[in-house]
$ cat upload35.txt   # compact mmCIF, C-alpha atoms
# COMPACT_ATOMS: atom_id res chain seq x y z
CA MET A 27 16.03 6.09 1.73
CA VAL A 28 17.63 7.90 -1.19
CA ILE A 29 16.14 6.97 -4.57
CA ARG A 30 19.07 6.52 -6.95
CA TYR A 31 17.42 4.16 -9.42
CA LEU A 32 13.77 3.72 -10.34
CA GLU A 33 12.47 1.65 -13.26
CA TYR A 34 8.94 0.73 -14.28
CA LEU A 35 8.89 -3.02 -14.94
CA GLY A 36 5.37 -3.42 -16.29
CA PRO A 37 1.80 -4.36 -15.37
CA MET A 38 0.14 -7.59 -14.27
CA SER A 39 -3.48 -7.68 -15.41
CA LYS A 40 -4.69 -11.11 -14.31
CA ARG A 41 -3.71 -13.74 -11.76
CA GLU A 42 -2.07 -16.07 -14.26
CA GLY A 43 -0.73 -13.26 -16.43
CA TRP A 44 2.73 -11.78 -16.92
CA ARG A 45 4.63 -10.49 -13.94
CA PRO A 46 8.33 -9.63 -13.49
CA GLU A 47 10.65 -12.39 -12.42
CA PRO A 48 10.56 -12.36 -8.59
CA SER A 49 14.26 -11.68 -8.07
CA TYR A 50 14.07 -8.91 -5.44
CA PRO A 51 11.98 -8.62 -2.27
CA GLU A 52 8.57 -7.12 -3.05
CA ILE A 53 6.52 -4.67 -1.01
CA ALA A 54 2.89 -4.18 -1.99
CA PHE A 55 0.87 -1.02 -1.43
CA VAL A 56 -2.88 -1.49 -0.96
CA GLY A 57 -5.82 0.74 -0.10
CA ARG A 58 -9.25 1.77 -1.23
CA SER A 59 -9.58 3.70 -4.44
CA ASN A 60 -9.72 7.25 -3.05
CA VAL A 61 -7.18 6.86 -0.24
CA GLY A 62 -4.44 8.87 -1.99
CA LYS A 63 -2.11 6.00 -2.82
CA SER A 64 -0.65 7.52 -6.01
CA SER A 65 0.12 10.79 -4.24
CA LEU A 66 1.76 8.93 -1.36
CA LEU A 67 3.92 6.90 -3.76
CA ASN A 68 4.99 10.03 -5.64
CA LYS A 69 6.07 11.66 -2.40
CA LEU A 70 7.74 8.50 -1.08
CA MET A 71 9.77 8.06 -4.28
CA LYS A 72 10.35 11.84 -4.57
CA ARG A 73 9.05 11.85 -8.14
CA LYS A 74 6.30 14.14 -9.38
CA ALA A 75 4.74 11.65 -11.78
CA PHE A 76 6.00 8.30 -10.54
CA ALA A 77 2.49 6.96 -9.98
CA ARG A 78 -0.41 8.33 -11.95
CA VAL A 79 -2.63 10.65 -9.92
CA SER A 80 -6.17 10.39 -11.19
CA ASN A 81 -9.27 12.40 -10.35
CA THR A 82 -11.26 9.25 -11.08
CA PRO A 83 -10.79 6.71 -8.28
CA GLY A 84 -10.71 3.11 -9.39
CA ARG A 85 -9.03 3.77 -12.73
CA THR A 86 -5.94 1.66 -12.00
CA ARG A 87 -6.88 -1.86 -13.06
CA GLU A 88 -3.56 -3.67 -12.90
CA ILE A 89 -0.70 -4.32 -10.51
CA HIS A 90 2.20 -2.07 -11.48
CA PHE A 91 5.76 -3.11 -10.59
CA PHE A 92 8.72 -0.78 -10.03
CA ASP A 93 12.36 -1.62 -9.38
CA VAL A 94 13.61 0.65 -6.58
CA ASN A 95 17.38 1.02 -6.28
CA ARG A 96 17.82 -2.55 -7.54
CA GLN A 97 17.04 -3.35 -3.90
CA PHE A 98 13.34 -4.14 -3.88
CA VAL A 99 10.27 -4.14 -6.11
CA LEU A 100 7.35 -1.91 -5.27
CA ALA A 101 3.99 -3.40 -6.28
CA ASP A 102 1.20 -0.84 -6.69
CA LEU A 103 -2.06 -2.77 -6.38
CA PRO A 104 -5.42 -1.59 -7.77
CA GLY A 105 -7.52 0.43 -5.38
CA TYR A 106 -10.53 -1.42 -4.02
CA GLY A 107 -13.96 -0.42 -2.83
CA TYR A 108 -14.94 2.31 -5.31
CA ALA A 109 -18.74 2.25 -5.49
CA ARG A 110 -19.03 3.17 -9.18
CA ILE A 111 -16.94 0.25 -10.37
CA SER A 112 -19.12 -2.53 -11.77
CA LYS A 113 -19.55 -5.80 -9.92
CA GLU A 114 -17.94 -7.52 -12.89
CA ARG A 115 -14.82 -5.36 -12.60
CA LYS A 116 -14.64 -5.96 -8.86
CA ALA A 117 -14.98 -9.69 -9.49
CA GLU A 118 -11.96 -9.46 -11.83
CA TRP A 119 -9.83 -7.45 -9.40
CA ARG A 120 -10.31 -9.61 -6.33
CA PRO A 121 -8.59 -12.72 -7.79
CA LEU A 122 -5.79 -10.49 -9.11
CA ILE A 123 -5.12 -8.79 -5.77
CA GLU A 124 -5.62 -11.83 -3.56
CA GLY A 125 -3.78 -14.07 -6.01
CA TYR A 126 -0.74 -11.81 -6.04
CA LEU A 127 -0.65 -11.53 -2.26
CA THR A 128 -1.03 -15.29 -1.87
CA ASP A 129 1.23 -16.49 -4.68
CA SER A 130 4.19 -14.11 -4.78
CA PRO A 131 7.22 -15.95 -3.39
CA LYS A 132 9.11 -12.72 -2.78
CA LEU A 133 6.38 -10.72 -1.05
CA TRP A 134 8.19 -9.24 1.94
CA GLY A 135 5.37 -7.15 3.32
CA VAL A 136 2.40 -4.89 2.67
CA VAL A 137 1.74 -1.21 3.27
CA GLN A 138 -1.96 -0.79 4.05
CA LEU A 139 -3.25 2.74 3.47
CA LEU A 140 -6.19 4.30 5.31
CA ASP A 141 -7.67 7.80 5.13
CA VAL A 142 -7.20 9.47 8.52
CA ARG A 143 -10.55 11.25 8.21
CA HIS A 144 -12.64 8.10 7.92
CA ASP A 145 -13.22 4.91 9.85
CA PRO A 146 -12.10 1.72 8.09
CA THR A 147 -14.71 0.59 5.55
CA ALA A 148 -16.06 -2.93 5.19
CA ASP A 149 -13.68 -3.35 2.23
CA ASP A 150 -10.77 -2.22 4.40
CA MET A 151 -11.68 -4.76 7.07
CA VAL A 152 -11.93 -7.56 4.48
CA MET A 153 -8.42 -6.70 3.28
CA LEU A 154 -7.06 -6.46 6.83
CA ASP A 155 -8.57 -9.81 7.76
CA PHE A 156 -7.10 -11.34 4.60
CA LEU A 157 -3.62 -9.98 5.40
CA ALA A 158 -3.90 -11.22 9.00
CA GLU A 159 -4.93 -14.66 7.77
CA LEU A 160 -1.92 -14.77 5.45
CA GLY A 161 0.35 -13.62 8.25
CA VAL A 162 2.19 -11.16 6.02
CA PRO A 163 3.97 -8.26 7.84
CA THR A 164 1.92 -5.11 7.39
CA ILE A 165 2.82 -1.43 7.81
CA PHE A 166 -0.10 0.93 8.36
CA ALA A 167 0.02 4.43 6.87
CA VAL A 168 -2.80 6.93 7.28
CA THR A 169 -3.04 9.50 4.51
CA LYS A 170 -4.25 13.10 4.21
CA VAL A 171 -3.31 14.13 7.75
CA ASP A 172 -2.90 17.69 6.42
CA LYS A 173 -6.70 17.79 6.07
CA LEU A 174 -6.98 17.82 9.87
CA THR A 175 -5.65 20.30 12.40
CA LYS A 176 -2.64 19.23 14.44
CA ALA A 177 -4.89 18.95 17.48
CA GLU A 178 -7.19 16.56 15.61
CA VAL A 179 -4.54 14.18 14.26
CA VAL A 180 -3.44 12.46 17.48
CA PRO A 181 -6.96 11.51 18.68
CA ARG A 182 -7.86 10.31 15.17
CA ILE A 183 -4.76 8.11 15.07
CA GLY A 184 -5.70 6.78 18.50
CA ALA A 185 -9.26 6.04 17.37
CA LEU A 186 -8.05 4.20 14.26
CA ALA A 187 -5.51 2.24 16.29
CA ASN A 188 -8.27 1.21 18.68
CA GLN A 189 -10.50 0.05 15.82
CA LEU A 190 -7.64 -1.89 14.24
CA ARG A 191 -6.39 -3.21 17.60
CA LEU A 192 -2.97 -1.67 17.05
CA ASP A 193 -0.63 0.45 19.10
CA PRO A 194 -0.70 4.05 17.77
CA ASP A 195 3.07 3.76 17.27
CA GLN A 196 2.39 1.13 14.60
CA ILE A 197 0.67 3.73 12.40
CA VAL A 198 2.59 6.20 10.21
CA PRO A 199 0.75 9.54 9.75
CA PHE A 200 1.38 10.70 6.17
CA SER A 201 0.74 13.80 4.09
CA ALA A 202 1.59 13.85 0.40
CA THR A 203 1.09 17.63 0.51
CA THR A 204 3.53 18.51 3.31
CA GLY A 205 5.77 15.44 3.19
CA GLN A 206 4.99 14.53 6.79
CA GLY A 207 5.72 10.85 7.39
CA ARG A 208 7.77 10.32 4.23
CA ASP A 209 11.04 9.58 6.04
CA GLU A 210 9.28 7.54 8.73
CA LEU A 211 7.58 5.35 6.13
CA ALA A 212 10.82 4.95 4.16
CA ALA A 213 12.61 3.89 7.36
CA ALA A 214 9.86 1.37 8.13
CA LEU A 215 10.30 -0.12 4.64
CA MET A 216 14.06 -0.43 5.12
CA GLU A 217 13.54 -2.09 8.50
CA LEU A 218 11.05 -4.53 6.96
CA LEU A 219 13.44 -5.41 4.13
CA ALA A 220 16.18 -6.13 6.66
CA THR A 221 14.10 -8.82 8.39
CA PRO A 222 13.97 -12.50 7.35
CA HIS A 223 11.17 -13.49 5.00
CA TRP A 224 8.00 -14.13 6.99
CA LYS A 225 7.33 -17.50 5.36
CA ALA A 226 10.76 -18.72 6.45
CA GLU A 227 9.54 -18.50 10.03
CA SER A 228 6.39 -20.55 9.47

$ encode --input "upload35.txt" --output "structure tokens"
Amino acid sequence: MVIRYLEYLGPMSKREGWRPEPSYPEIAFVGRSNVGKSSLLNKLMKRKAFARVSNTPGRTREIHFFDVNRQFVLADLPGYGYARISKERKAEWRPLIEGYLTDSPKLWGVVQLLDVRHDPTADDMVMLDFLAELGVPTIFAVTKVDKLTKAEVVPRIGALANQLRLDPDQIVPFSATTGQGRDELAAALMELLATPHWKAES
């Protein structure tokens, strides 16, 4: 995937609020607040400051939409599960995230991010159960694989796959530092976009 065109379309701050006209297929990126989503998106799009990289997890409070190559829209969802975020803020985010995933007519799929070093949290499992209930196609990417030795990565991927009841081949190991997994994740996105819309099959 060569990025020839990239435009920020704007933010969606509440379930009934503004959002871009759903004219292209949309792919949403979700994960807990400190999973490294912004760094992954910067590497995936090959832009240094495409997505804001913050030292304060949980700062992104809106869904941010980007037109990629006039081919699809990338939806960057707020990170979930950061302990220091107030219950009130979490109560605001959940309808926004779940509402977008439920209501968007052009949602083609989701990329679920997990930190390779940690087991899925309760918040991760809630999100995974929600995605499974929706039936939306989901790509799994595990971040920060550069934090482990090469010998540690494969068994960790296997352990995560076992917990998630997936085949290890369904998980893309990713490092925003080294670029590992960038082309594999881009190829998975292109393959997803080439498939019929999942709701058309239901």

$ atom_distance --input "upload35.txt" --atom1 "CA of Ile53 (chain A)" --atom2 "CA of Arg182 (chain A)"
26.3 Å

$ closest_residue --input "upload35.txt" --among "A:Glu42, A:Glu217, A:Asp172, A:Asp145" --to "Ile123 (chain A)" --atoms "only C-alpha atoms"
A:Glu42

$ closest_residue --input "upload35.txt" --among "A:Pro37, A:Lys170, A:Val137, A:Ser65" --to "Ala214 (chain A)" --atoms "all atoms listed in the file"
A:Val137

$ closest_residue --input "upload35.txt" --among "A:His223, A:Arg41, A:Arg96, A:Arg208" --to "Met27 (chain A)" --atoms "all atoms listed in the file"
A:Arg208

$ residues_around --input "upload35.txt" --residues "Phe200 (chain A)" --least-positions-apart "3" --cutoff "7 Å" --atoms "only C-alpha atoms" --output "list in words"
Ala167, Val168, Thr169, Lys170, Val171, Gln206, Gly207 and Arg208 of chain A

$ atom_distance --input "upload35.txt" --atom1 "CA of Phe92 (chain A)" --atom2 "CA of Leu35 (chain A)"
5.4 Å

$ closest_residue --input "upload35.txt" --among "A:Ile89, A:Pro131, A:Leu122, A:Tyr106" --to "Asp149 (chain A)" --atoms "all atoms listed in the file"
A:Tyr106

$ atom_distance --input "upload35.txt" --atom1 "CA of Thr203 (chain A)" --atom2 "CA of Met38 (chain A)"
29.2 Å

$ residues_around --input "upload35.txt" --residues "Lys69 (chain A)" --least-positions-apart "3" --cutoff "6 Å" --atoms "all atoms listed in the file" --output "tab-separated table (two decimals) with C-alpha atoms, keeping the file's coordinate frame"
chain	number	residue	atom	x	y	z
A	66	LEU	CA	1.76	8.93	-1.36
A	72	LYS	CA	10.35	11.84	-4.57
A	202	ALA	CA	1.59	13.85	0.40

$ residues_near_point --input "upload35.txt" --point "(-12.8, 4.7, 3.9)" --cutoff "10 Å" --atoms "only C-alpha atoms" --output "mmCIF file with C-alpha atoms, in the coordinates of the input"
data_model
loop_
_atom_site.group_PDB
_atom_site.id
_atom_site.type_symbol
_atom_site.label_atom_id
_atom_site.label_comp_id
_atom_site.auth_asym_id
_atom_site.auth_seq_id
_atom_site.Cartn_x
_atom_site.Cartn_y
_atom_site.Cartn_z
ATOM 1 C CA GLY A 57 -5.820 0.740 -0.100
ATOM 2 C CA ARG A 58 -9.250 1.770 -1.230
ATOM 3 C CA SER A 59 -9.580 3.700 -4.440
ATOM 4 C CA ASN A 60 -9.720 7.250 -3.050
ATOM 5 C CA VAL A 61 -7.180 6.860 -0.240
ATOM 6 C CA GLY A 107 -13.960 -0.420 -2.830
ATOM 7 C CA TYR A 108 -14.940 2.310 -5.310
ATOM 8 C CA LEU A 139 -3.250 2.740 3.470
ATOM 9 C CA LEU A 140 -6.190 4.300 5.310
ATOM 10 C CA ASP A 141 -7.670 7.800 5.130
ATOM 11 C CA VAL A 142 -7.200 9.470 8.520
ATOM 12 C CA ARG A 143 -10.550 11.250 8.210
ATOM 13 C CA HIS A 144 -12.640 8.100 7.920
ATOM 14 C CA ASP A 145 -13.220 4.910 9.850
ATOM 15 C CA PRO A 146 -12.100 1.720 8.090
ATOM 16 C CA THR A 147 -14.710 0.590 5.550
ATOM 17 C CA ALA A 148 -16.060 -2.930 5.190
ATOM 18 C CA ASP A 149 -13.680 -3.350 2.230
ATOM 19 C CA ASP A 150 -10.770 -2.220 4.400
#

$ decode --input "upload35.txt" --residues "region 35-185 of chain A" --atoms "C-alpha atoms" --output "CSV table (one decimal), in the first residue's frame"
chain,number,residue,atom,x,y,z
A,35,LEU,CA,-11.5,14.9,7.5
A,36,GLY,CA,-12.3,15.9,11.1
A,37,PRO,CA,-13.4,14.6,14.5
A,38,MET,CA,-16.6,13.1,15.8
A,39,SER,CA,-17.1,13.9,19.5
A,40,LYS,CA,-20.5,12.3,20.3
A,41,ARG,CA,-22.7,9.6,18.9
A,42,GLU,CA,-25.2,11.9,17.2
A,43,GLY,CA,-22.6,14.5,16.3
A,44,TRP,CA,-20.9,15.4,13.0
A,45,ARG,CA,-19.1,12.8,11.0
A,46,PRO,CA,-17.9,12.7,7.4
A,47,GLU,CA,-20.3,11.5,4.8
A,48,PRO,CA,-19.9,7.8,4.6
A,49,SER,CA,-18.9,7.6,1.0
A,50,TYR,CA,-15.8,5.3,1.2
A,51,PRO,CA,-15.3,2.0,3.1
A,52,GLU,CA,-14.2,2.7,6.6
A,53,ILE,CA,-11.7,0.8,8.7
A,54,ALA,CA,-11.6,1.5,12.5
A,55,PHE,CA,-8.6,1.1,14.7
A,56,VAL,CA,-9.3,0.3,18.3
A,57,GLY,CA,-7.2,-0.6,21.4
A,58,ARG,CA,-6.6,0.4,25.0
A,59,SER,CA,-5.1,3.7,25.7
A,60,ASN,CA,-1.4,2.8,26.0
A,61,VAL,CA,-1.2,0.1,23.3
A,62,GLY,CA,0.8,2.3,20.9
A,63,LYS,CA,-2.0,3.0,18.3
A,64,SER,CA,-0.8,6.5,17.3
A,65,SER,CA,2.7,5.1,16.6
A,66,LEU,CA,1.4,2.2,14.6
A,67,LEU,CA,-0.8,4.5,12.5
A,68,ASN,CA,2.2,6.8,11.8
A,69,LYS,CA,4.3,3.9,10.7
A,70,LEU,CA,1.4,2.4,8.6
A,71,MET,CA,0.8,5.7,6.8
A,72,LYS,CA,4.5,6.4,6.6
A,73,ARG,CA,4.0,9.8,8.1
A,74,LYS,CA,5.9,11.1,11.2
A,75,ALA,CA,3.1,13.1,12.7
A,76,PHE,CA,0.0,11.6,11.0
A,77,ALA,CA,-1.5,10.6,14.4
A,78,ARG,CA,-0.6,12.4,17.5
A,79,VAL,CA,1.7,10.5,19.8
A,80,SER,CA,1.1,11.5,23.4
A,81,ASN,CA,2.9,10.6,26.6
A,82,THR,CA,-0.5,10.8,28.3
A,83,PRO,CA,-2.6,7.8,27.4
A,84,GLY,CA,-6.3,8.5,27.1
A,85,ARG,CA,-5.9,12.0,25.8
A,86,THR,CA,-7.7,11.3,22.4
A,87,ARG,CA,-11.3,11.9,23.2
A,88,GLU,CA,-12.9,11.8,19.7
A,89,ILE,CA,-13.0,9.6,16.6
A,90,HIS,CA,-10.7,11.1,14.0
A,91,PHE,CA,-11.3,10.4,10.3
A,92,PHE,CA,-8.7,10.3,7.5
A,93,ASP,CA,-9.2,9.9,3.8
A,94,VAL,CA,-6.5,7.4,2.5
A,95,ASN,CA,-5.8,7.5,-1.2
A,96,ARG,CA,-9.5,8.4,-1.8
A,97,GLN,CA,-9.9,4.6,-1.4
A,98,PHE,CA,-11.0,4.2,2.2
A,99,VAL,CA,-11.5,6.2,5.4
A,100,LEU,CA,-9.4,5.3,8.5
A,101,ALA,CA,-11.2,5.9,11.7
A,102,ASP,CA,-9.0,6.4,14.8
A,103,LEU,CA,-11.1,5.6,17.8
A,104,PRO,CA,-10.4,6.8,21.3
A,105,GLY,CA,-8.2,4.5,23.4
A,106,TYR,CA,-10.1,2.7,26.2
A,107,GLY,CA,-9.3,1.3,29.6
A,108,TYR,CA,-6.9,4.0,31.0
A,109,ALA,CA,-7.3,3.9,34.7
A,110,ARG,CA,-6.8,7.6,35.4
A,111,ILE,CA,-9.7,8.7,33.1
A,112,SER,CA,-12.8,9.5,35.2
A,113,LYS,CA,-15.9,7.3,35.2
A,114,GLU,CA,-17.8,10.2,33.7
A,115,ARG,CA,-15.4,10.4,30.7
A,116,LYS,CA,-15.5,6.7,30.2
A,117,ALA,CA,-19.3,6.8,30.3
A,118,GLU,CA,-19.1,9.4,27.5
A,119,TRP,CA,-16.7,7.4,25.3
A,120,ARG,CA,-18.5,4.1,25.4
A,121,PRO,CA,-21.6,5.4,23.5
A,122,LEU,CA,-19.4,7.1,21.1
A,123,ILE,CA,-17.2,4.1,20.3
A,124,GLU,CA,-20.0,1.5,20.4
A,125,GLY,CA,-22.4,3.8,18.5
A,126,TYR,CA,-19.9,4.4,15.7
A,127,LEU,CA,-19.2,0.7,15.4
A,128,THR,CA,-22.9,-0.2,15.4
A,129,ASP,CA,-24.2,2.7,13.2
A,130,SER,CA,-21.7,3.3,10.5
A,131,PRO,CA,-23.1,1.9,7.2
A,132,LYS,CA,-19.7,1.8,5.6
A,133,LEU,CA,-17.7,0.1,8.3
A,134,TRP,CA,-15.8,-2.5,6.5
A,135,GLY,CA,-13.7,-3.9,9.3
A,136,VAL,CA,-11.8,-3.2,12.5
A,137,VAL,CA,-8.2,-3.5,13.5
A,138,GLN,CA,-7.9,-4.5,17.1
A,139,LEU,CA,-4.6,-3.7,18.7
A,140,LEU,CA,-3.1,-5.6,21.7
A,141,ASP,CA,0.3,-5.1,23.5
A,142,VAL,CA,2.3,-8.3,22.9
A,143,ARG,CA,3.8,-8.0,26.4
A,144,HIS,CA,0.5,-8.3,28.2
A,145,ASP,CA,-2.5,-10.6,28.4
A,146,PRO,CA,-5.8,-9.1,27.1
A,147,THR,CA,-7.4,-6.9,29.8
A,148,ALA,CA,-11.0,-7.0,30.9
A,149,ASP,CA,-11.6,-4.0,28.7
A,150,ASP,CA,-10.0,-5.8,25.7
A,151,MET,CA,-12.3,-8.7,26.2
A,152,VAL,CA,-15.4,-6.5,26.4
A,153,MET,CA,-14.4,-4.9,23.1
A,154,LEU,CA,-13.6,-8.3,21.5
A,155,ASP,CA,-16.9,-9.7,22.6
A,156,PHE,CA,-18.7,-6.6,21.3
A,157,LEU,CA,-17.0,-7.0,17.9
A,158,ALA,CA,-17.8,-10.7,17.8
A,159,GLU,CA,-21.5,-10.0,18.6
A,160,LEU,CA,-21.6,-7.4,15.8
A,161,GLY,CA,-20.0,-9.9,13.4
A,162,VAL,CA,-17.6,-7.3,12.0
A,163,PRO,CA,-14.4,-8.6,10.3
A,164,THR,CA,-11.5,-8.0,12.7
A,165,ILE,CA,-7.8,-7.9,12.0
A,166,PHE,CA,-5.6,-8.5,15.1
A,167,ALA,CA,-2.3,-6.6,15.4
A,168,VAL,CA,0.0,-6.9,18.4
A,169,THR,CA,2.2,-3.9,19.0
A,170,LYS,CA,5.7,-3.4,20.6
A,171,VAL,CA,7.2,-6.7,19.5
A,172,ASP,CA,10.6,-4.9,19.5
A,173,LYS,CA,10.3,-4.9,23.3
A,174,LEU,CA,10.8,-8.7,23.3
A,175,THR,CA,13.6,-10.8,22.0
A,176,LYS,CA,13.1,-12.7,18.8
A,177,ALA,CA,12.9,-15.9,20.7
A,178,GLU,CA,10.2,-14.5,23.0
A,179,VAL,CA,7.9,-13.2,20.2
A,180,VAL,CA,6.6,-16.5,18.8
A,181,PRO,CA,5.6,-18.1,22.1
A,182,ARG,CA,3.9,-14.8,23.1
A,183,ILE,CA,1.9,-14.7,19.9
A,184,GLY,CA,1.0,-18.3,20.4
A,185,ALA,CA,-0.2,-17.6,24.0
